[in-house]
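The structure appears right after this line, and notes come after that.
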Amino acid sequence: MKFGPVSPKEAIGGVAVHAIRQSSFVLKKGTLITPVEAKALEQAGIKQIVVARLEDGDISEDIAAAGIARVIAGEGIHVEKAFTGRCNLFAAHPGILVIDRDAVDQLNRVDESITFATLPAFKAVAEGEMIATVKLIPFGIEQGIYDKAVEAARQRQIKIMPFAVKRVGVVSTMLPGLAPKVIDKTVQVTRERLARAGASIIAERRVQHSEPALKAVVEELLSLGSELVLIFGASAIADRRDIIPSAVENAGGEVEHFGMPVDPGNLLLVARIGNVPVLGAPGCARSPKENGFDWVLMRLLANLKVTREEITAMGVGGLLMEIISRPQSREPEKAVIETDVTAVILAAGRSTRMGGPNKLLAEIDGKPLVRIAVEQALASRAESVVVVTGHQHERVEQALQGLDVRFVHNPDYADGLATSLKTGINAVPASSGAAIVCLGDMPLVGSGLIDRLIEAYAPERDGLITIPVADGRRGNPVLWSRKLFKELLALEGDIGARHVIQKYAEMVVEIPATGVSAFLDVDTPDVLARLLTKR
């Protein structure tokens, strides 16, 4: 292929290597130069243009890219029309992308003019998802180079293995302290995972965390026609002799591998009973976020056997996104006392709905609302109390004179609730494992309710948010584990943390509330008047 600068007339028959813009004249990169373009270049005052021109025996970029793509595309892959030297490959149906890494490397080493990029091997893909691309760097290549590339591509094709397993049995073991809602959420997350592969749960069982009970239910699931059995333990598998692997072996199965170099996902058990694969799920499988469980589950759903050698080869790239419920964070932490809870009182608002006066300073039985709220927090099991001030902060601090609290001022209180929440969270002592966020305009929230929320906080069982509920309605205050502080600090504007609660629904512990204590906030003069009338 010839390449270099020539005059417009000499460029006829060549392809423009670069885009040209001069005044109103525009010539796009890749344009074939004909006498019309040559004349327009001259009229624009352009004396030289860089072109590429194919020689005898050369193959154009589109023909070469398409030819290589068609050869390497195996079962389940659709090849699109090549354009500007690029040819994209797409999944013709859902499944697992099977790639031979050595074959891809061999193709890319044929010549620097040819590149082939793919998604990660064994990735679960949807129909129509782009899975690879062939890109020719120059505008054409020699026939000899093309032939070598085609030969390399022909050695081992990439393909999409369709999902074949459709009937899945699920069993969850139970221990005291494991809330049924946690299992409900686990089952829902599992249904959604399986649905992506066209599979469904044909039977779901819950049994005590014991070897005999688990063995019996696994055998039942197999008798019902399960093509795959998933076991979610109430307690993580600690050893090959633990309850879950023992139950599988006593049901006539064999443990093929325990543990994997993927985090989260280390405590995965891969077993088989006859021809049916059995997975002992790690704790992270309760989360919808990608973890090592997904990597093995999706392969099994495509009827791909997962060997010990394949699992132990997953370490490179196996450090995945952190899951918030993990008992040990990846980030170095200062000494934190999980049971040390700080009460954060939000008292920075402008009381705009009150029509003028600061509602926090309105009195009930001679006490400002904000003082009532703070005194209840001080009377609770909270280790310390932080008060966030903003509007009329001097008057609010005066109303709380003599109380053992720490004041922290939010100068941006007018920008919304989120600014005050973040100010308060940032002020929580480093030793505290959680914060219970109270509103300064809720005088009926007593120390008893705060204590019950603190008592329900169970980080060891993924109970990272506690919230009062009555008649299906959630109220305030809300307790937050330190593990969720980053989520709270990312909030913006005049919105609360409702979407964070929805995002981590499986970590919410609901506490029954009575009356209106968890719902009545003094926002308007009418509410205040009704409250005073009832006193």
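In the structure tokens, chains take letters A, B, ... by order of appearance, with residues numbered from 1 within each chain and ligands from 1 in the order shown.
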
Hey, what does DSSP flag as helix (DSSP H, G or I) within range 317-460 of chain A? Can you give it to me as a ChimeraX atom specification?
/A:352-354,359-361,369-378,393-399,413-415,417-426,447-456,459-460

For the residues in that selection, give me C-alpha atoms as a PDB file, in the first residue's frame.
```pdb
ATOM      1  CA  THR A 352     -40.599  27.892  55.938  1.00  0.00           C
ATOM      2  CA  ARG A 353     -43.968  26.160  56.360  1.00  0.00           C
ATOM      3  CA  MET A 354     -44.454  27.764  59.763  1.00  0.00           C
ATOM      4  CA  LYS A 359     -40.623  25.897  64.877  1.00  0.00           C
ATOM      5  CA  LEU A 360     -37.712  24.381  66.791  1.00  0.00           C
ATOM      6  CA  LEU A 361     -38.052  27.187  69.343  1.00  0.00           C
ATOM      7  CA  LEU A 369     -39.320  21.470  70.654  1.00  0.00           C
ATOM      8  CA  VAL A 370     -35.636  21.029  69.899  1.00  0.00           C
ATOM      9  CA  ARG A 371     -34.781  20.724  73.606  1.00  0.00           C
ATOM     10  CA  ILE A 372     -37.409  18.015  74.047  1.00  0.00           C
ATOM     11  CA  ALA A 373     -35.923  16.032  71.128  1.00  0.00           C
ATOM     12  CA  VAL A 374     -32.363  16.409  72.386  1.00  0.00           C
ATOM     13  CA  GLU A 375     -33.227  15.495  75.987  1.00  0.00           C
ATOM     14  CA  GLN A 376     -34.850  12.247  74.781  1.00  0.00           C
ATOM     15  CA  ALA A 377     -31.704  11.398  72.807  1.00  0.00           C
ATOM     16  CA  LEU A 378     -29.562  12.104  75.865  1.00  0.00           C
ATOM     17  CA  HIS A 393     -28.051  28.747  65.185  1.00  0.00           C
ATOM     18  CA  GLU A 394     -27.305  31.073  68.097  1.00  0.00           C
ATOM     19  CA  ARG A 395     -30.914  30.863  69.319  1.00  0.00           C
ATOM     20  CA  VAL A 396     -31.014  27.088  68.888  1.00  0.00           C
ATOM     21  CA  GLU A 397     -27.792  26.705  70.874  1.00  0.00           C
ATOM     22  CA  GLN A 398     -29.229  28.985  73.564  1.00  0.00           C
ATOM     23  CA  ALA A 399     -32.327  26.766  73.771  1.00  0.00           C
ATOM     24  CA  TYR A 413     -28.431  24.657  55.441  1.00  0.00           C
ATOM     25  CA  ALA A 414     -30.443  26.645  52.859  1.00  0.00           C
ATOM     26  CA  ASP A 415     -29.285  24.209  50.135  1.00  0.00           C
ATOM     27  CA  LEU A 417     -31.720  18.574  54.015  1.00  0.00           C
ATOM     28  CA  ALA A 418     -28.841  16.562  52.560  1.00  0.00           C
ATOM     29  CA  THR A 419     -26.309  19.220  53.595  1.00  0.00           C
ATOM     30  CA  SER A 420     -27.365  18.959  57.237  1.00  0.00           C
ATOM     31  CA  LEU A 421     -27.362  15.170  57.167  1.00  0.00           C
ATOM     32  CA  LYS A 422     -23.836  15.134  55.741  1.00  0.00           C
ATOM     33  CA  THR A 423     -22.680  17.703  58.295  1.00  0.00           C
ATOM     34  CA  GLY A 424     -23.980  15.509  61.092  1.00  0.00           C
ATOM     35  CA  ILE A 425     -22.528  12.271  59.717  1.00  0.00           C
ATOM     36  CA  ASN A 426     -19.124  13.918  59.311  1.00  0.00           C
ATOM     37  CA  SER A 447     -35.876   7.578  74.459  1.00  0.00           C
ATOM     38  CA  GLY A 448     -37.700   4.231  74.473  1.00  0.00           C
ATOM     39  CA  LEU A 449     -38.134   4.203  70.700  1.00  0.00           C
ATOM     40  CA  ILE A 450     -34.519   5.270  70.194  1.00  0.00           C
ATOM     41  CA  ASP A 451     -33.376   2.441  72.490  1.00  0.00           C
ATOM     42  CA  ARG A 452     -35.415  -0.162  70.597  1.00  0.00           C
ATOM     43  CA  LEU A 453     -33.877   0.957  67.314  1.00  0.00           C
ATOM     44  CA  ILE A 454     -30.395   0.699  68.839  1.00  0.00           C
ATOM     45  CA  GLU A 455     -31.143  -2.748  70.287  1.00  0.00           C
ATOM     46  CA  ALA A 456     -32.335  -3.988  66.884  1.00  0.00           C
ATOM     47  CA  PRO A 459     -24.371  -5.680  61.983  1.00  0.00           C
ATOM     48  CA  GLU A 460     -23.289  -9.292  62.476  1.00  0.00           C
TER      49      GLU A 460
END
```

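CA of Met442 in chain A is found 15.2 Å from CA of Arg350 in chain A.
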
Selected residue of minimal separation from Ser226 in chain A among A:Ala285, A:Val125, A:Leu520, A:Val276, counting only C-alpha atoms:
A:Val276

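For the pair CA of Glu10 in chain A and CA of Lys28 in chain A, the separation is 18.0 Å.
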
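Nearest to Asp58 in chain A of all the residues A:Leu32, A:Ile141, A:Ala199, A:Val344 is A:Ile141, counting only C-alpha atoms.
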
Any idea what's packed within 8 Å of Ala132 in chain A, counting only C-alpha atoms, ignoring anything in its chain fewer than 2 positions away? Could you give it as a list in words?
Asn88, Leu89, Phe90, Phe116, Ala117, Thr118, Leu119, Met130 and Val134 of chain A

Looking only at the backbone, which of the residues in range 347-489 of chain A does DSSP tag as strand (DSSP E or B), as JSON, numbers by chain?
{"A": [347, 363, 364, 367, 368, 384, 385, 386, 387, 388, 389, 390, 392, 406, 407, 408, 409, 432, 433, 434, 435, 436, 437, 438, 439, 458, 463, 465, 466, 467, 468, 469, 470, 473, 474, 478, 479, 480, 481]}

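Counting only C-alpha atoms, the residue from A:Gly317, A:Gly76, A:Gly280, A:Gly169 that sits nearest to Asp242 in chain A is A:Gly280.
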
Between CA of Phe407 in chain A and CA of Pro443 in chain A, what is the distance, to one decimal in Å?
19.2 Å

Nearest residue to Arg381 in chain A from the set A:Gln143, A:Ser172, A:Thr342, A:Thr115 (distances using only C-alpha atoms)
A:Thr342

Extract, using only C-alpha atoms, all DNA, RNA and protein residues at most 10 Å from Pro180 in chain A, discarding same-chain residues fewer than 6 positions from it, and format them as a list in words.
Met174, Thr186 and Arg206 of chain A

Selection export as an mmCIF file, in the first residue's frame, atoms kept: N, CA and C atoms:
```
data_model
loop_
_atom_site.group_PDB
_atom_site.id
_atom_site.type_symbol
_atom_site.label_atom_id
_atom_site.label_comp_id
_atom_site.auth_asym_id
_atom_site.auth_seq_id
_atom_site.Cartn_x
_atom_site.Cartn_y
_atom_site.Cartn_z
ATOM 1 N N MET A 174 -31.690 -22.300 58.199
ATOM 2 C CA MET A 174 -32.099 -21.280 59.162
ATOM 3 C C MET A 174 -31.454 -21.508 60.524
ATOM 4 N N THR A 186 -33.218 -12.881 49.593
ATOM 5 C CA THR A 186 -32.261 -13.758 48.905
ATOM 6 C C THR A 186 -32.930 -14.502 47.759
ATOM 7 N N ARG A 206 -36.997 -24.229 53.077
ATOM 8 C CA ARG A 206 -36.284 -23.633 54.201
ATOM 9 C C ARG A 206 -36.238 -24.659 55.323
#
```

Give me the residues within 6 Å of range 462-477 of chain A as a CSV table (one decimal) with C-alpha atoms, in the first residue's frame, counting only C-alpha atoms and dropping any in the same chain fewer than 3 places off.
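around-v6.csv written:
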```csv
chain,number,residue,atom,x,y,z
A,325,SER,CA,-22.5,-6.0,54.1
A,437,VAL,CA,-30.6,10.4,62.8
A,438,CYS,CA,-33.3,12.2,64.7
A,453,LEU,CA,-33.9,1.0,67.3
A,457,TYR,CA,-29.1,-2.9,65.2
A,458,ALA,CA,-27.4,-6.2,64.2
A,459,PRO,CA,-24.4,-5.7,62.0
A,480,TRP,CA,-27.4,3.8,60.0
A,481,SER,CA,-24.4,1.6,60.3
A,507,MET,CA,-30.3,-4.8,55.3
A,508,VAL,CA,-33.3,-3.0,56.8
A,509,VAL,CA,-34.7,-4.1,60.2
A,510,GLU,CA,-38.2,-2.8,60.9
A,511,ILE,CA,-39.3,-2.0,64.5
A,512,PRO,CA,-43.0,-1.7,65.3
A,513,ALA,CA,-43.9,1.8,66.4
A,518,ALA,CA,-42.5,8.2,64.7
A,519,PHE,CA,-44.5,10.2,62.2
```

Between A:Glu61, A:Asp494, A:Glu506, A:Asp294, which is the closest to Arg196 in chain A once you count only C-alpha atoms?
A:Asp294

Hey, what's within 12 Å of Gly416 in chain A if we count only C-alpha atoms and toss same-chain stuff fewer than 6 positions away? As a count of residues only, please?
15

Excluding Gln106 in chain A and residues on its chain fewer than 5 positions from it, collect all residues at most 9 Å away from it, counting only C-alpha atoms, and give them as JSON, numbers by chain.
{"A": [101, 149, 152, 153]}
